[in-house]
>>> print(open('final-v6.pdb').read())   # PDB, C-alpha atoms
ATOM      1  CA  MET B   1      11.726 -18.103  -5.270
ATOM      2  CA  ARG B   2      11.128 -17.529  -9.000
ATOM      3  CA  TYR B   3       8.822 -14.556  -9.595
ATOM      4  CA  ALA B   4       6.701 -13.407 -12.521
ATOM      5  CA  ILE B   5       6.129  -9.654 -12.715
ATOM      6  CA  LEU B   6       2.595  -9.079 -14.009
ATOM      7  CA  GLY B   7       2.296  -5.542 -15.370
ATOM      8  CA  ALA B   8       5.048  -3.094 -16.279
ATOM      9  CA  GLY B   9       3.518   0.262 -15.386
ATOM     10  CA  PHE B  10       4.861   2.895 -12.993
ATOM     11  CA  ILE B  11       5.088   0.766  -9.845
ATOM     12  CA  ALA B  12       6.287  -2.482 -11.467
ATOM     13  CA  PRO B  13       9.989  -1.584 -12.006
ATOM     14  CA  ILE B  14      10.137  -0.137  -8.483
ATOM     15  CA  ASN B  15       8.776  -3.378  -7.030
ATOM     16  CA  ALA B  16      10.991  -5.477  -9.279
ATOM     17  CA  ALA B  17      14.143  -3.590  -8.263
ATOM     18  CA  ALA B  18      13.215  -4.065  -4.608
ATOM     19  CA  LEU B  19      12.590  -7.752  -5.211
ATOM     20  CA  LEU B  20      16.065  -8.163  -6.688
ATOM     21  CA  SER B  21      17.494  -6.975  -3.354
ATOM     22  CA  CYS B  22      16.099 -10.129  -1.732
ATOM     23  CA  GLU B  23      18.602 -12.959  -1.444
ATOM     24  CA  GLY B  24      17.642 -15.813  -3.744
ATOM     25  CA  ALA B  25      14.813 -13.963  -5.521
ATOM     26  CA  GLU B  26      14.776 -14.380  -9.296
ATOM     27  CA  ILE B  27      12.572 -12.687 -11.886
ATOM     28  CA  CYS B  28      11.761 -15.352 -14.451
ATOM     29  CA  CYS B  29       9.459 -13.308 -16.727
ATOM     30  CA  ILE B  30       7.650 -10.012 -17.232
ATOM     31  CA  ALA B  31       4.139  -9.858 -18.686
ATOM     32  CA  ASN B  32       2.507  -6.680 -19.952
ATOM     33  CA  ARG B  33      -0.181  -5.936 -22.540
ATOM     34  CA  THR B  34       2.391  -4.062 -24.641
ATOM     35  CA  THR B  35       6.032  -5.008 -24.991
ATOM     36  CA  GLU B  36       7.614  -1.540 -24.922
ATOM     37  CA  LYS B  37       7.304  -0.929 -21.167
ATOM     38  CA  ALA B  38       8.209  -4.507 -20.301
ATOM     39  CA  GLU B  39      11.330  -4.433 -22.475
ATOM     40  CA  ALA B  40      12.356  -1.034 -21.103
ATOM     41  CA  MET B  41      11.915  -2.371 -17.576
ATOM     42  CA  ARG B  42      13.940  -5.490 -18.374
ATOM     43  CA  GLU B  43      16.769  -3.393 -19.811
ATOM     44  CA  LYS B  44      16.755  -0.924 -16.902
ATOM     45  CA  LEU B  45      17.073  -3.756 -14.374
ATOM     46  CA  GLY B  46      19.683  -5.640 -16.410
ATOM     47  CA  LEU B  47      17.519  -8.732 -16.741
ATOM     48  CA  SER B  48      17.562 -11.371 -19.471
ATOM     49  CA  CYS B  49      14.175 -12.938 -18.736
ATOM     50  CA  PRO B  50      11.520 -13.353 -21.452
ATOM     51  CA  VAL B  51       8.766 -10.778 -22.000
ATOM     52  CA  TYR B  52       5.157 -11.771 -22.718
ATOM     53  CA  THR B  53       2.101  -9.853 -23.873
ATOM     54  CA  ASP B  54      -0.142 -12.730 -22.710
ATOM     55  CA  TRP B  55       0.197 -13.077 -18.941
ATOM     56  CA  LYS B  56      -1.555 -16.445 -18.833
ATOM     57  CA  GLU B  57       0.930 -17.785 -21.361
ATOM     58  CA  ALA B  58       3.746 -16.459 -19.181
ATOM     59  CA  LEU B  59       2.400 -18.348 -16.175
ATOM     60  CA  ALA B  60       1.884 -21.529 -18.182
ATOM     61  CA  LYS B  61       5.297 -21.539 -19.864
ATOM     62  CA  GLU B  62       7.559 -20.152 -17.148
ATOM     63  CA  LYS B  63       5.817 -21.829 -14.178
ATOM     64  CA  PRO B  64       6.854 -19.232 -11.597
ATOM     65  CA  GLU B  65       6.621 -20.052  -7.917
ATOM     66  CA  ALA B  66       5.294 -16.561  -7.128
ATOM     67  CA  ALA B  67       3.889 -13.532  -8.928
ATOM     68  CA  VAL B  68       3.842  -9.798  -8.252
ATOM     69  CA  ILE B  69       0.538  -8.295  -9.425
ATOM     70  CA  CYS B  70       1.088  -4.708 -10.644
ATOM     71  CA  VAL B  71      -1.843  -4.272 -13.043
ATOM     72  CA  PHE B  72      -4.958  -2.051 -12.983
ATOM     73  CA  ASN B  73      -6.953  -2.256  -9.739
ATOM     74  CA  ASP B  74      -9.976  -3.812 -11.412
ATOM     75  CA  GLN B  75      -7.830  -6.680 -12.756
ATOM     76  CA  HIS B  76      -6.445  -7.797  -9.410
ATOM     77  CA  ARG B  77      -9.118 -10.405  -8.744
ATOM     78  CA  GLU B  78      -8.741 -12.131 -12.138
ATOM     79  CA  TYR B  79      -4.947 -12.210 -11.974
ATOM     80  CA  PHE B  80      -4.975 -13.395  -8.378
ATOM     81  CA  THR B  81      -7.486 -16.147  -9.120
ATOM     82  CA  GLN B  82      -5.475 -17.503 -12.043
ATOM     83  CA  CYS B  83      -2.289 -17.492  -9.975
ATOM     84  CA  ALA B  84      -3.940 -19.206  -7.012
ATOM     85  CA  ARG B  85      -5.443 -21.945  -9.173
ATOM     86  CA  ARG B  86      -1.962 -22.658 -10.537
ATOM     87  CA  GLY B  87      -0.524 -22.889  -7.028
ATOM     88  CA  ILE B  88       1.446 -19.648  -7.437
ATOM     89  CA  HIS B  89       2.077 -17.541  -4.337
ATOM     90  CA  VAL B  90       1.131 -13.863  -4.715
ATOM     91  CA  LEU B  91       2.359 -10.387  -3.870
ATOM     92  CA  CYS B  92      -0.462  -8.010  -4.753
ATOM     93  CA  GLU B  93      -0.218  -4.241  -5.069
ATOM     94  CA  LYS B  94      -2.663  -2.221  -3.008
ATOM     95  CA  PRO B  95      -5.606  -1.923  -3.036
ATOM     96  CA  LEU B  96      -6.242  -5.654  -2.859
ATOM     97  CA  ALA B  97      -9.262  -5.071  -5.131
ATOM     98  CA  ASN B  98     -11.705  -2.331  -6.093
ATOM     99  CA  ASN B  99     -14.434  -3.641  -3.788
ATOM    100  CA  PHE B 100     -14.775  -5.738  -0.674
ATOM    101  CA  SER B 101     -16.733  -8.482  -2.432
ATOM    102  CA  ASP B 102     -13.791  -9.178  -4.753
ATOM    103  CA  CYS B 103     -11.444  -9.153  -1.757
ATOM    104  CA  GLU B 104     -13.551 -11.803  -0.031
ATOM    105  CA  GLU B 105     -13.530 -14.008  -3.115
ATOM    106  CA  MET B 106      -9.740 -13.642  -3.436
ATOM    107  CA  ILE B 107      -9.350 -14.736   0.193
ATOM    108  CA  ARG B 108     -11.493 -17.799  -0.532
ATOM    109  CA  GLU B 109      -9.345 -18.578  -3.593
ATOM    110  CA  ARG B 110      -6.225 -18.365  -1.421
ATOM    111  CA  ASP B 111      -7.686 -20.762   1.118
ATOM    112  CA  ARG B 112      -8.895 -23.233  -1.508
ATOM    113  CA  ALA B 113      -5.506 -23.281  -3.210
ATOM    114  CA  GLY B 114      -3.434 -23.237  -0.024
ATOM    115  CA  ILE B 115      -1.085 -20.556  -1.350
ATOM    116  CA  ARG B 116       0.610 -17.764   0.585
ATOM    117  CA  ALA B 117      -0.300 -14.197  -0.321
ATOM    118  CA  THR B 118       0.414 -10.732   1.018
ATOM    119  CA  VAL B 119      -0.357  -7.155  -0.007
ATOM    120  CA  LEU B 120       2.094  -4.333  -0.690
ATOM    121  CA  GLN B 121       1.244  -1.418   1.629
ATOM    122  CA  THR B 122       4.494   0.501   1.236
ATOM    123  CA  GLN B 123       4.142   3.567   3.420
ATOM    124  CA  ARG B 124       4.293   1.709   6.733
ATOM    125  CA  TYR B 125       7.862   0.711   5.767
ATOM    126  CA  GLY B 126       9.001   4.327   5.404
ATOM    127  CA  ALA B 127      11.678   5.597   7.784
ATOM    128  CA  VAL B 128       9.319   8.117   9.408
ATOM    129  CA  LEU B 129       6.593   5.652  10.343
ATOM    130  CA  GLU B 130       9.061   2.899  11.299
ATOM    131  CA  THR B 131      10.777   5.337  13.663
ATOM    132  CA  ALA B 132       7.499   6.587  15.132
ATOM    133  CA  ALA B 133       6.171   3.050  15.626
ATOM    134  CA  ASP B 134       9.396   2.017  17.347
ATOM    135  CA  TYR B 135       9.293   5.088  19.600
ATOM    136  CA  THR B 136       5.702   4.524  20.701
ATOM    137  CA  ARG B 137       6.441   0.868  21.504
ATOM    138  CA  LYS B 138       9.474   1.693  23.652
ATOM    139  CA  HIS B 139       8.239   4.752  25.567
ATOM    140  CA  ASP B 140       5.469   5.141  28.104
ATOM    141  CA  LEU B 141       3.411   7.940  26.570
ATOM    142  CA  GLY B 142       0.156   7.165  28.323
ATOM    143  CA  ILE B 143      -3.112   6.238  26.656
ATOM    144  CA  LEU B 144      -3.410   6.848  22.915
ATOM    145  CA  CYS B 145      -6.271   9.361  22.766
ATOM    146  CA  ALA B 146      -6.661  10.220  19.069
ATOM    147  CA  VAL B 147      -4.979  10.098  15.637
ATOM    148  CA  GLU B 148      -5.111  12.669  12.831
ATOM    149  CA  ASP B 149      -3.845  11.908   9.322
ATOM    150  CA  ASN B 150      -3.793  14.676   6.709
ATOM    151  CA  MET B 151      -2.766  14.783   3.075
ATOM    152  CA  SER B 152      -2.851  17.505   0.444
ATOM    153  CA  CYS B 153      -1.277  16.895  -2.940
ATOM    154  CA  HIS B 154      -1.560  17.613  -6.638
ATOM    155  CA  TYR B 155      -3.327  14.396  -7.658
ATOM    156  CA  PHE B 156      -4.129  15.462 -11.211
ATOM    157  CA  TRP B 157      -0.574  16.150 -12.356
ATOM    158  CA  ASP B 158       0.326  16.021 -16.029
ATOM    159  CA  GLY B 159       1.306  12.489 -16.892
ATOM    160  CA  ARG B 160      -1.047  10.810 -14.426
ATOM    161  CA  SER B 161      -1.931   7.425 -15.947
ATOM    162  CA  PRO B 162      -5.386   7.646 -17.583
ATOM    163  CA  TRP B 163      -6.658   4.577 -15.732
ATOM    164  CA  HIS B 164      -6.296   6.459 -12.430
ATOM    165  CA  LEU B 165      -8.963   8.849 -13.746
ATOM    166  CA  ASP B 166     -11.317   6.088 -14.867
ATOM    167  CA  PRO B 167     -13.845   5.340 -12.069
ATOM    168  CA  LYS B 168     -14.346   1.736 -13.172
ATOM    169  CA  ARG B 169     -10.648   0.901 -13.382
ATOM    170  CA  SER B 170      -9.419   2.821 -10.356
ATOM    171  CA  GLY B 171     -12.294   2.275  -7.951
ATOM    172  CA  GLY B 172     -13.219   5.948  -7.799
ATOM    173  CA  GLY B 173      -9.857   7.662  -7.990
ATOM    174  CA  ILE B 174      -8.121   9.174  -5.016
ATOM    175  CA  VAL B 175     -10.093   7.247  -2.380
ATOM    176  CA  MET B 176      -8.886   3.759  -3.318
ATOM    177  CA  ASN B 177      -5.483   5.049  -4.416
ATOM    178  CA  TYR B 178      -4.535   7.147  -1.390
ATOM    179  CA  GLY B 179      -7.275   6.282   1.093
ATOM    180  CA  VAL B 180      -6.055   2.712   1.568
ATOM    181  CA  HIS B 181      -2.567   4.119   2.261
ATOM    182  CA  GLN B 182      -3.802   6.507   4.922
ATOM    183  CA  LEU B 183      -6.125   3.994   6.563
ATOM    184  CA  ASP B 184      -3.403   1.355   6.558
ATOM    185  CA  ARG B 185      -0.844   3.605   8.212
ATOM    186  CA  VAL B 186      -3.345   4.899  10.795
ATOM    187  CA  HIS B 187      -4.374   1.373  11.764
ATOM    188  CA  TYR B 188      -0.732   0.228  11.707
ATOM    189  CA  MET B 189       0.317   2.982  14.111
ATOM    190  CA  ILE B 190      -2.633   2.360  16.436
ATOM    191  CA  ALA B 191      -1.790  -1.364  16.475
ATOM    192  CA  ALA B 192       1.851  -0.518  17.211
ATOM    193  CA  SER B 193       0.726   1.232  20.384
ATOM    194  CA  LEU B 194      -2.204  -0.932  21.474
ATOM    195  CA  GLY B 195      -1.740  -4.287  19.781
ATOM    196  CA  SER B 196      -5.007  -4.078  17.837
ATOM    197  CA  ALA B 197      -6.781  -1.516  15.679
ATOM    198  CA  LYS B 198     -10.067  -2.889  14.383
ATOM    199  CA  THR B 199     -12.515  -0.141  13.420
ATOM    200  CA  VAL B 200     -15.973  -0.534  14.952
ATOM    201  CA  SER B 201     -17.519   2.790  13.890
ATOM    202  CA  PHE B 202     -16.858   4.646  10.632
ATOM    203  CA  THR B 203     -18.223   7.420   8.448
ATOM    204  CA  GLY B 204     -16.991   9.785   5.778
ATOM    205  CA  LYS B 205     -17.595  11.417   2.442
ATOM    206  CA  ALA B 206     -15.809  11.487  -0.917
ATOM    207  CA  ILE B 207     -16.112  14.558  -3.143
ATOM    208  CA  ALA B 208     -15.605  15.052  -6.883
ATOM    209  CA  GLN B 209     -14.871  18.705  -7.668
ATOM    210  CA  LYS B 210     -12.418  18.564 -10.548
ATOM    211  CA  PRO B 211     -14.169  19.847 -13.712
ATOM    212  CA  GLY B 212     -14.314  17.258 -16.453
ATOM    213  CA  ILE B 213     -12.954  14.481 -14.236
ATOM    214  CA  GLY B 214     -15.278  11.689 -13.114
ATOM    215  CA  VAL B 215     -13.295  10.355 -10.171
ATOM    216  CA  TYR B 216     -13.281  11.560  -6.589
ATOM    217  CA  SER B 217     -10.747  14.265  -5.821
ATOM    218  CA  SER B 218     -10.890  14.609  -2.028
ATOM    219  CA  TYR B 219     -12.326  12.889   1.012
ATOM    220  CA  ALA B 220     -12.741  12.947   4.772
ATOM    221  CA  MET B 221     -13.135   9.908   7.026
ATOM    222  CA  MET B 222     -13.721   9.392  10.732
ATOM    223  CA  GLY B 223     -13.518   6.172  12.708
ATOM    224  CA  VAL B 224     -13.292   4.690  16.183
ATOM    225  CA  THR B 225     -11.389   1.499  16.951
ATOM    226  CA  GLU B 226     -12.413  -1.318  19.291
ATOM    227  CA  LYS B 227     -10.125   0.154  21.973
ATOM    228  CA  GLU B 228     -11.939   3.491  21.643
ATOM    229  CA  VAL B 229      -9.280   5.416  19.749
ATOM    230  CA  PRO B 230     -10.911   7.985  17.434
ATOM    231  CA  TYR B 231      -9.157   8.884  14.191
ATOM    232  CA  THR B 232      -9.668  11.318  11.338
ATOM    233  CA  VAL B 233      -8.304  10.983   7.809
ATOM    234  CA  SER B 234      -8.481  13.719   5.170
ATOM    235  CA  CYS B 235      -7.055  14.246   1.711
ATOM    236  CA  SER B 236      -7.329  16.994  -0.896
ATOM    237  CA  GLY B 237      -6.053  16.284  -4.389
ATOM    238  CA  TYR B 238      -5.402  19.830  -5.532
ATOM    239  CA  CYS B 239      -2.373  22.079  -5.920
ATOM    240  CA  GLY B 240      -0.138  23.775  -3.391
ATOM    241  CA  PRO B 241       2.754  22.439  -1.313
ATOM    242  CA  SER B 242       2.266  18.778  -0.469
ATOM    243  CA  VAL B 243       1.204  18.014   3.078
ATOM    244  CA  ASN B 244       1.598  14.465   4.332
ATOM    245  CA  GLU B 245       1.513  14.147   8.108
ATOM    246  CA  MET B 246       0.105  12.267  11.050
ATOM    247  CA  PHE B 247      -0.431  13.285  14.671
ATOM    248  CA  LEU B 248      -0.614  10.660  17.416
ATOM    249  CA  HIS B 249      -2.079  12.255  20.538
ATOM    250  CA  PHE B 250      -1.203  10.357  23.706
ATOM    251  CA  GLN B 251      -2.158  11.193  27.272
ATOM    252  CA  ASN B 252       1.363  12.410  28.047
ATOM    253  CA  ALA B 253       2.811  13.330  24.653
ATOM    254  CA  THR B 254       2.127  14.011  20.989
ATOM    255  CA  VAL B 255       4.080  12.319  18.217
ATOM    256  CA  LYS B 256       4.096  14.147  14.878
ATOM    257  CA  CYS B 257       5.077  12.273  11.716
ATOM    258  CA  VAL B 258       5.997  14.498   8.766
ATOM    259  CA  LEU B 259       6.351  12.245   5.729
ATOM    260  CA  CYS B 260       7.591  14.932   3.329
ATOM    261  CA  ASP B 261       9.091  18.424   3.508
ATOM    262  CA  ASN B 262       6.363  21.034   3.075
ATOM    263  CA  GLY B 263       8.150  24.388   3.449
ATOM    264  CA  MET B 264       7.245  24.658   7.136
ATOM    265  CA  ASP B 265       8.268  21.309   8.590
ATOM    266  CA  ALA B 266      11.157  19.124   7.530
ATOM    267  CA  ARG B 267      10.474  15.430   7.022
ATOM    268  CA  GLY B 268      10.921  13.499  10.246
ATOM    269  CA  VAL B 269       9.452  12.475  13.601
ATOM    270  CA  TYR B 270       8.766  15.076  16.265
ATOM    271  CA  VAL B 271       7.828  14.449  19.890
ATOM    272  CA  SER B 272       6.265  16.922  22.302
ATOM    273  CA  LYS B 273       5.889  16.246  26.014
ATOM    274  CA  GLY B 274       5.213  19.873  26.772
ATOM    275  CA  SER B 275       4.806  23.068  24.756
ATOM    276  CA  ALA B 276       7.263  22.386  21.908
ATOM    277  CA  PHE B 277       8.186  19.604  19.517
ATOM    278  CA  GLU B 278      11.656  18.089  19.387
ATOM    279  CA  LYS B 279      12.878  16.133  16.385
ATOM    280  CA  ILE B 280      14.191  12.630  17.082
ATOM    281  CA  PRO B 281      16.703  10.689  14.916
ATOM    282  CA  LEU B 282      15.362   8.354  12.250
ATOM    283  CA  LEU B 283      16.164   4.667  12.656
ATOM    284  CA  CYS B 284      16.863   4.258   8.946
ATOM    285  CA  GLU B 285      16.574   6.089   5.646
ATOM    286  CA  ASP B 286      14.428   5.524   2.587
ATOM    287  CA  GLY B 287      17.129   5.933  -0.076
ATOM    288  CA  GLU B 288      16.857   7.594  -3.457
ATOM    289  CA  GLY B 289      13.293   7.409  -4.731
ATOM    290  CA  GLY B 290      12.356   5.369  -1.667
ATOM    291  CA  ALA B 291      14.469   2.408  -2.832
ATOM    292  CA  ASP B 292      15.385   1.314   0.698
ATOM    293  CA  MET B 293      11.772   1.597   1.854
ATOM    294  CA  TYR B 294      10.578  -0.632  -0.984
ATOM    295  CA  ALA B 295      13.421  -3.062  -0.294
ATOM    296  CA  ARG B 296      12.402  -3.375   3.377
ATOM    297  CA  GLU B 297       8.840  -4.061   2.310
ATOM    298  CA  MET B 298       9.844  -6.608  -0.310
ATOM    299  CA  ARG B 299      12.213  -8.485   1.987
ATOM    300  CA  ALA B 300       9.400  -8.973   4.504
ATOM    301  CA  ALA B 301       7.032 -10.130   1.750
ATOM    302  CA  ASP B 302       9.611 -12.486   0.214
ATOM    303  CA  ASP B 303      10.458 -13.949   3.622
ATOM    304  CA  TYR B 304       6.791 -14.774   4.111
ATOM    305  CA  LEU B 305       6.254 -16.283   0.666
ATOM    306  CA  CYS B 306       9.396 -18.397   1.089
ATOM    307  CA  GLY B 307       8.145 -19.667   4.451
ATOM    308  CA  ARG B 308      10.744 -17.875   6.573
ATOM    309  CA  LEU B 309       8.024 -15.845   8.318
ATOM    310  CA  PRO B 310       4.970 -17.576   9.795
ATOM    311  CA  GLU B 311       2.542 -14.713   9.149
ATOM    312  CA  ALA B 312       1.988 -12.308   6.258
ATOM    313  CA  PRO B 313       3.440  -8.842   6.922
ATOM    314  CA  VAL B 314       0.166  -7.462   5.522
ATOM    315  CA  SER B 315      -2.563 -10.086   5.502
ATOM    316  CA  MET B 316      -5.241 -10.199   2.842
ATOM    317  CA  GLU B 317      -7.821  -9.834   5.586
ATOM    318  CA  TRP B 318      -6.189  -6.608   6.792
ATOM    319  CA  ALA B 319      -5.948  -5.223   3.250
ATOM    320  CA  ALA B 320      -9.565  -6.210   2.570
ATOM    321  CA  GLU B 321     -10.664  -4.264   5.630
ATOM    322  CA  MET B 322      -8.970  -1.109   4.280
ATOM    323  CA  VAL B 323     -10.909  -1.574   1.029
ATOM    324  CA  ARG B 324     -14.153  -2.180   2.931
ATOM    325  CA  LEU B 325     -13.786   1.103   4.790
ATOM    326  CA  CYS B 326     -12.958   3.048   1.618
ATOM    327  CA  GLU B 327     -15.908   1.471  -0.165
ATOM    328  CA  LYS B 328     -18.240   2.910   2.462
ATOM    329  CA  ILE B 329     -17.687   6.424   1.091
ATOM    330  CA  VAL B 330     -17.476   5.862  -2.672
TER     331      VAL B 330
END
>>> encode(input="final-v6.pdb", output="structure tokens")
Amino acid sequence: MRYAILGAGFIAPINAAALLSCEGAEICCIANRTTEKAEAMREKLGLSCPVYTDWKEALAKEKPEAAVICVFNDQHREYFTQCARRGIHVLCEKPLANNFSDCEEMIRERDRAGIRATVLQTQRYGAVLETAADYTRKHDLGILCAVEDNMSCHYFWDGRSPWHLDPKRSGGGIVMNYGVHQLDRVHYMIAASLGSAKTVSFTGKAIAQKPGIGVYSSYAMMGVTEKEVPYTVSCSGYCGPSVNEMFLHFQNATVKCVLCDNGMDARGVYVSKGSAFEKIPLLCEDGEGGADMYAREMRAADDYLCGRLPEAPVSMEWAAEMVRLCEKIV
């Protein structure tokens, strides 16, 4: 499959490097509004493909079979539409779009064009969640009673791309950026245990408390799935040691997923069937900078776009639902 990389910002070289780990994948061009980042990315990855400042020209001249959309959130619909109408399969960065209405239109464009498309929801491919999902599938832990997902991080770090702090471009800030990650991984883990995870009841609130910043900086969400599993999701975008963890409370055990070291708990999966947690071995590792995690994600996506997998690893409908839930609180 010949791929065009559309956008050359922070995530693009990470996705491109992961794509190059897929057998038979070729990057035929990079398009970005300025050439500096695209050329730096090309050099870093040892590529010789052309660089374009006009992405439509890149699609017209290079005629890629697939494209990886890594541009601003509010541009996803336009880029997706142009790719679909050219018969180009699509890998789209999360969130699928800034609002559910755009997601629905993108799904219609996919169906009209008959292309294959999937969405990059990276965190579910991390070693911690892959191990936890595997453990819950293979062990009888009883009924899944509740899920808690908590994040605390320094969202407004120096060097944060300005578009992340622009409500129109980013979809409100931390909610669309991190909220779709947390909702995706919560629903993914519930589905791993129960086979389905559709939310039937949902509420929450987003809060903007950072002086001089117009995007949301924290949020809390609560939902209940069709199989009556309640879940809570919270995130604070301020300073302090990063917390990134999930608790899966079963009838007979609790599974704790610690996605990053925080000074108290080491990254890993912990299981408690009594009064104490025990750490279990990880099935895999994520590699430096998460390279192996991104490679696992990209191999699944490439297999689908090439027709080796019958279903999208992350369907557009699934990704649209994560956006729909986030949109309820922004």
>>> atom_distance(input="final-v6.pdb", atom1="CA of Gly126 in chain B", atom2="CA of Ala97 in chain B")
23.1 Å
>>> closest_atom_pairs(input="final-v6.pdb", of="range 217-312 of chain B", to="range 2-15 of chain B", cutoff="12 Å", atoms="all atoms listed in the file", output="Markdown table")
| residue | atom | partner | partner_atom | distance |
| --- | --- | --- | --- | --- |
| B:Glu288 | CA | B:Ile14 | CA | 11.4 |
| B:Gly289 | CA | B:Ile14 | CA | 9.0 |
| B:Gly290 | CA | B:Ile14 | CA | 9.0 |
| B:Ala291 | CA | B:Ile14 | CA | 7.6 |
| B:Asp292 | CA | B:Ile14 | CA | 10.7 |
| B:Met293 | CA | B:Ile14 | CA | 10.6 |
| B:Tyr294 | CA | B:Asn15 | CA | 6.9 |
| B:Ala295 | CA | B:Asn15 | CA | 8.2 |
| B:Arg296 | CA | B:Asn15 | CA | 11.0 |
| B:Glu297 | CA | B:Asn15 | CA | 9.4 |
| B:Met298 | CA | B:Asn15 | CA | 7.5 |
| B:Arg299 | CA | B:Asn15 | CA | 10.9 |
| B:Ala301 | CA | B:Asn15 | CA | 11.2 |
| B:Asp302 | CA | B:Tyr3 | CA | 10.1 |
| B:Leu305 | CA | B:Tyr3 | CA | 10.7 |
| B:Cys306 | CA | B:Arg2 | CA | 10.3 |
>>> resolve_selection(input="final-v6.pdb", expression="the PyMOL selection byres ((chain B and resi 27-43) around 10)", output="PyMOL selection string")
chain B and resi 1-10+12-14+16-17+19-20+25-26+44-59+61-68+70-71
>>> closest_residue(input="final-v6.pdb", among="B:Tyr304, B:Tyr270, B:Asn252, B:Phe80", to="Cys22 in chain B", atoms="all atoms listed in the file")
B:Tyr304
>>> resolve_selection(input="final-v6.pdb", expression="the PyMOL selection byres ((chain B and resi 131-140) around 12)", output="ChimeraX atom specification")
/B:124-130,141-144,185-195,245-259,268-271,273,279-286
>>> write_last_selection(input="final-v6.pdb", atoms="C-alpha atoms", output="mmCIF file, in the frame of the given file")
data_model
loop_
_atom_site.group_PDB
_atom_site.id
_atom_site.type_symbol
_atom_site.label_atom_id
_atom_site.label_comp_id
_atom_site.auth_asym_id
_atom_site.auth_seq_id
_atom_site.Cartn_x
_atom_site.Cartn_y
_atom_site.Cartn_z
ATOM 1 C CA ARG B 124 4.293 1.709 6.733
ATOM 2 C CA TYR B 125 7.862 0.711 5.767
ATOM 3 C CA GLY B 126 9.001 4.327 5.404
ATOM 4 C CA ALA B 127 11.678 5.597 7.784
ATOM 5 C CA VAL B 128 9.319 8.117 9.408
ATOM 6 C CA LEU B 129 6.593 5.652 10.343
ATOM 7 C CA GLU B 130 9.061 2.899 11.299
ATOM 8 C CA LEU B 141 3.411 7.940 26.570
ATOM 9 C CA GLY B 142 0.156 7.165 28.323
ATOM 10 C CA ILE B 143 -3.112 6.238 26.656
ATOM 11 C CA LEU B 144 -3.410 6.848 22.915
ATOM 12 C CA ARG B 185 -0.844 3.605 8.212
ATOM 13 C CA VAL B 186 -3.345 4.899 10.795
ATOM 14 C CA HIS B 187 -4.374 1.373 11.764
ATOM 15 C CA TYR B 188 -0.732 0.228 11.707
ATOM 16 C CA MET B 189 0.317 2.982 14.111
ATOM 17 C CA ILE B 190 -2.633 2.360 16.436
ATOM 18 C CA ALA B 191 -1.790 -1.364 16.475
ATOM 19 C CA ALA B 192 1.851 -0.518 17.211
ATOM 20 C CA SER B 193 0.726 1.232 20.384
ATOM 21 C CA LEU B 194 -2.204 -0.932 21.474
ATOM 22 C CA GLY B 195 -1.740 -4.287 19.781
ATOM 23 C CA GLU B 245 1.513 14.147 8.108
ATOM 24 C CA MET B 246 0.105 12.267 11.050
ATOM 25 C CA PHE B 247 -0.431 13.285 14.671
ATOM 26 C CA LEU B 248 -0.614 10.660 17.416
ATOM 27 C CA HIS B 249 -2.079 12.255 20.538
ATOM 28 C CA PHE B 250 -1.203 10.357 23.706
ATOM 29 C CA GLN B 251 -2.158 11.193 27.272
ATOM 30 C CA ASN B 252 1.363 12.410 28.047
ATOM 31 C CA ALA B 253 2.811 13.330 24.653
ATOM 32 C CA THR B 254 2.127 14.011 20.989
ATOM 33 C CA VAL B 255 4.080 12.319 18.217
ATOM 34 C CA LYS B 256 4.096 14.147 14.878
ATOM 35 C CA CYS B 257 5.077 12.273 11.716
ATOM 36 C CA VAL B 258 5.997 14.498 8.766
ATOM 37 C CA LEU B 259 6.351 12.245 5.729
ATOM 38 C CA GLY B 268 10.921 13.499 10.246
ATOM 39 C CA VAL B 269 9.452 12.475 13.601
ATOM 40 C CA TYR B 270 8.766 15.076 16.265
ATOM 41 C CA VAL B 271 7.828 14.449 19.890
ATOM 42 C CA LYS B 273 5.889 16.246 26.014
ATOM 43 C CA LYS B 279 12.878 16.133 16.385
ATOM 44 C CA ILE B 280 14.191 12.630 17.082
ATOM 45 C CA PRO B 281 16.703 10.689 14.916
ATOM 46 C CA LEU B 282 15.362 8.354 12.250
ATOM 47 C CA LEU B 283 16.164 4.667 12.656
ATOM 48 C CA CYS B 284 16.863 4.258 8.946
ATOM 49 C CA GLU B 285 16.574 6.089 5.646
ATOM 50 C CA ASP B 286 14.428 5.524 2.587
#
>>> atom_distance(input="final-v6.pdb", atom1="CA of Val90 in chain B", atom2="CA of Arg116 in chain B")
6.6 Å
>>> closest_residue(input="final-v6.pdb", among="B:Ser196, B:Gln209, B:Ser234, B:Asn73", to="His164 in chain B", atoms="only C-alpha atoms")
B:Asn73
>>> residues_around(input="final-v6.pdb", residues="range 175-182 of chain B", least_positions_apart="3", cutoff="10 Å", atoms="only C-alpha atoms", output="ChimeraX atom specification")
/B:73,94-99,121-124,149-151,155,164,170-172,185-188,205-207,215-221,232-235,237,244-246,319-327,329-330
>>> atom_distance(input="final-v6.pdb", atom1="CA of Arg267 in chain B", atom2="CA of Val243 in chain B")
10.4 Å
>>> residues_around(input="final-v6.pdb", residues="Met316 in chain B", least_positions_apart="5", cutoff="8 Å", atoms="all atoms listed in the file", output="PDB file with C-alpha atoms, keeping the file's coordinate frame")
ATOM      1  CA  LEU B  96      -6.242  -5.654  -2.859  1.00  0.00           C
ATOM      2  CA  CYS B 103     -11.444  -9.153  -1.757  1.00  0.00           C
ATOM      3  CA  ILE B 107      -9.350 -14.736   0.193  1.00  0.00           C
ATOM      4  CA  ALA B 117      -0.300 -14.197  -0.321  1.00  0.00           C
ATOM      5  CA  THR B 118       0.414 -10.732   1.018  1.00  0.00           C
ATOM      6  CA  VAL B 119      -0.357  -7.155  -0.007  1.00  0.00           C
TER       7      VAL B 119
END
